[in-house]
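In what follows, a single structure is set out as structure tokens and then discussed.
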Amino acid sequence: MTFVVTGIGAISRFGLSPSQLIAGLRSDAHEPPGSGETPGVTAASLHGAKGTQFMDRATALAVYAARAAIEEAGLAQESSDRREMGLVLGSSNGSIASIAAMTRETFVRTPPHHVSAMEFPNTVMNAPAGQCAIRHALRGLNATVSAGHLSGISALQYAIEKLTLGYASSLLVGAVEEYAECASRWRTRARDLLASRAVPPAEGVVFFHLEDREAAKAAGRRAHFEILAAVTGFDAALARGGETDALVDLARECLARGDADVADLAAVVIADLGHAATDRYEARSLDALFANGRPRILSATPIFGDTASALNFFQVLTAVATLSGEVDECLALILTAEPGGRIGALLIKRPADPAREEVFQ
Amino acid sequence: MFVGSRRVVISGIGVISSIGIGRDAFAKSLKEGRSGVKPVDGFREAGFPSHVAGQVRDFAPDGEFLTLDPAHVGRSAQMAVCATAEAIRDAGFSREALRKMRCGAVFGTTDGECQVVERLVCNDLSEAPEKDDMSPLFFSAEAIAGAVAAEFALTGEAIVLPTACAAGNYAIGHAYDQIRSGGADMVVCGGVDSLSRKTFAGFTRLGAVAPERCQPFDRNRKGIIPGEGAAALVVETYESARARGAAVHAEILGYALNCDARHMVAPDAGSIAHCMRLAHARAGLSADDVDYICAHGTGTPMNDVVEASAINEVFRRRAPVSSIKSMIGHTMGAASALAAVACCAALNQGFIPPTINHDELDPKCDLDCVPNVARRQSLRIVQNNGFAFGGNNAVVLFGHPENLQ
């Protein structure tokens, strides 16, 4: 089975649509990323004032981008396809702002359980995925995958496996990170503890509608790109700041699963998180993989800031934007190493079909 | 990707619970119908109206940590690492052997490292905050699987599935898929949660916490008793377990996930019934094949009625149904993983864990809930229910190992 992306939704520093994101990436004039919430984006601005009084930020972002991906795939109308559709969301903690705020309430309120009953459901980590299901009537499998900066590739790996094994006919797969003042402070302190480069904590969300290529063709849904393989692993040496070839091996395995070779790659998008250990690790892996000539190497964090759980999806869209300048069928590889020890690789192919780019115009 | 008919088994078990540390102590307590519910230090003074929980009291992580410093991970990771250490010993793996294989770590949770978040929040509230606190490095939920992978130098996928109170079953199901698809040689999976002040407060606010005891399916049940704990399961192919001479605790026959997509906290009987039917279909079974159901059985007035009506919709034959939450409270993301261990014990030792604290059956929960005393009964196939906020449902089916060949 080959899996294709037939719908995309995204909120990024460049705007509320994938086309704005792609346009922003293509323009060389963009400012360095800032920290904080995406300007002008609130639950009410995205969904109207009604029913959003108690909606947390991660949910607001996820519900919006999930709907955009559904609509772009032409599945806005309720149908049998929709009822069986599942959702897999990469998210390390759901709404960490909600969790921290309610935890704080229990320490400052007397009695401690006088917390907001309406906001309690926002503090379970699967709240954004559950709310997406409620708002878009998605009754298929519904999973949240927490893997730090590898949450995106891990969610796609999970989704591809579930589609292959027949648990769903199509899946919305995404990743979300909300900007939270508390987590921003904690993540900045973590960077200090790791003696890392300062990178602004940022937010964003991306959703893909992922399905089998033949099913998409039969339904007349056009593919933006194919996801050929997604592989994640762990390197305990990296977790201790050491260097091994584990990411090189993982990248080769990913290429082999996609029946491709390093020489076929038009671009590679690394994470470039700004930690000395992971940056060195990614650079060393590139040296080992591309001893005989390099494709274009891009990195996501310097463009988007530290988008944490959403990082991998922004890497994918960076690759898509780069490949959209090509005429022929071409491949790109996503590579990520995070300081906790997780590593991952993902291979995408842009088909040689000019119709695919309409969404980005 | 290999998608074959490999049989997938549980060959190692590790447990941290309020009724016993270790697989055997836990199983013995289940058989005896012991309660692990006790007052939580400081909760009465803090003003919580109900202040008992299934707290793990006699847990010392140090002995199992050979690589990491247990002070540099959260309590949930400590419990996950210690449960994993027991599970891999039980499965007959050395740490060295694991490094030569592709082993994944998949844990479910509701509240992740909630006690680390509590520490960070208190530090932020403090007038003299601690500057060199390491907590910012491990407050995030994924750190649980990261700690397990780092401690045992695993090389496969290391993820947390934070799908609230069904998360343990999600992890077991995913491990089963990873072995079937050839994505891993072995996966250590399970669930873990530390007692969360936030979740204790939230359930209290919803009026869902019982004052003294958890009484699933009882006419006078008053709600959940929050709890904590961890269970780790080693999952691999039957062939690889047999080649090592490891004892098989159970075969995983199949599972299903679905979503109510109606309400964040109120469960939906029709959707839960559909999830059970999907699980039976995926395992190639019918409801008549199931000898025992380890219920989600939270003990809240609404949840138990919904689960009972879903069971009675799907099951024509009256299979016994019990809830171990009556003994250990609601251990959140660990709940269905600990329940899976109970299923393994039930299959291997021929007993059904009781629903303790039972006075009188609620006529709206028309079930054989195995009241108060464990029942001797040999079982061939058992079903483990896990349901969660967000409408996330997960049902897993386990088979007796003697059926393997």
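Within each chain, counting starts at residue 1; across the structure tokens, chains are named A, B, ... in the order shown, with ligands numbered 1 upward in that order.
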Handout entry: Check: which chain A residues lie within 8 Å of chain B using only C-alpha atoms, as a PyMOL selection string
Key = chain A and resi 86+92-93+99-100+102-104+106-107+110-117+120-121+124-127+129-131+133-135+137-148+154+161+165+167+186-187+189-190+193+232-236+239+340-342
Practice task
Could you please write out, as a ChimeraX atom specification, every residue of region 24-246 of chain A that DSSP assigns to strand (DSSP E)?
Solution key: /A:86-90,142-145,170-177,204-212,225-234
Please tabulate, as JSON lines, the residues of region 184-292 of chain B that come within 8 Å of region 314-328 of chain B, each with its closest pair of atoms and the distance in Å to one decimal, counting only C-alpha atoms and ordering rows by chain, then residue number upward.
```
{"residue": "B:Arg213", "atom": "CA", "partner": "B:Ser326", "partner_atom": "CA", "distance": 7.4}
{"residue": "B:Cys214", "atom": "CA", "partner": "B:Ser326", "partner_atom": "CA", "distance": 4.9}
{"residue": "B:Gln215", "atom": "CA", "partner": "B:Ser326", "partner_atom": "CA", "distance": 5.8}
{"residue": "B:Pro216", "atom": "CA", "partner": "B:Ser326", "partner_atom": "CA", "distance": 6.4}
{"residue": "B:Gly227", "atom": "CA", "partner": "B:Ile328", "partner_atom": "CA", "distance": 6.4}
{"residue": "B:Ala273", "atom": "CA", "partner": "B:Val314", "partner_atom": "CA", "distance": 6.1}
{"residue": "B:Met276", "atom": "CA", "partner": "B:Val314", "partner_atom": "CA", "distance": 7.5}
{"residue": "B:Arg277", "atom": "CA", "partner": "B:Val314", "partner_atom": "CA", "distance": 7.1}
{"residue": "B:Ala287", "atom": "CA", "partner": "B:Phe315", "partner_atom": "CA", "distance": 5.6}
{"residue": "B:Asp288", "atom": "CA", "partner": "B:Arg317", "partner_atom": "CA", "distance": 6.1}
{"residue": "B:Val290", "atom": "CA", "partner": "B:Ala319", "partner_atom": "CA", "distance": 7.0}
{"residue": "B:Asp291", "atom": "CA", "partner": "B:Ala319", "partner_atom": "CA", "distance": 5.6}
{"residue": "B:Tyr292", "atom": "CA", "partner": "B:Pro320", "partner_atom": "CA", "distance": 5.2}
```
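We find CA of Ala277 (chain A) and CA of Thr188 (chain A) to be spaced 16.7 Å apart.
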Exercise for the section: Run DSSP on the backbone of this structure and report the residues of region 33-270 of chain A it assigns to alpha helix (DSSP H), as an NGL selection string. Expected result: :A and (43-47 or 57-72 or 80-84 or 96-108 or 127-136 or 151-164 or 181-193 or 213-219 or 236-239 or 246-257)
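With only C-alpha atoms as the basis for measurement, A:Gly90 is the residue among A:Gly90, A:Gly48, A:Gly40, A:Pro200 that approaches Ala155 (chain A) most closely.
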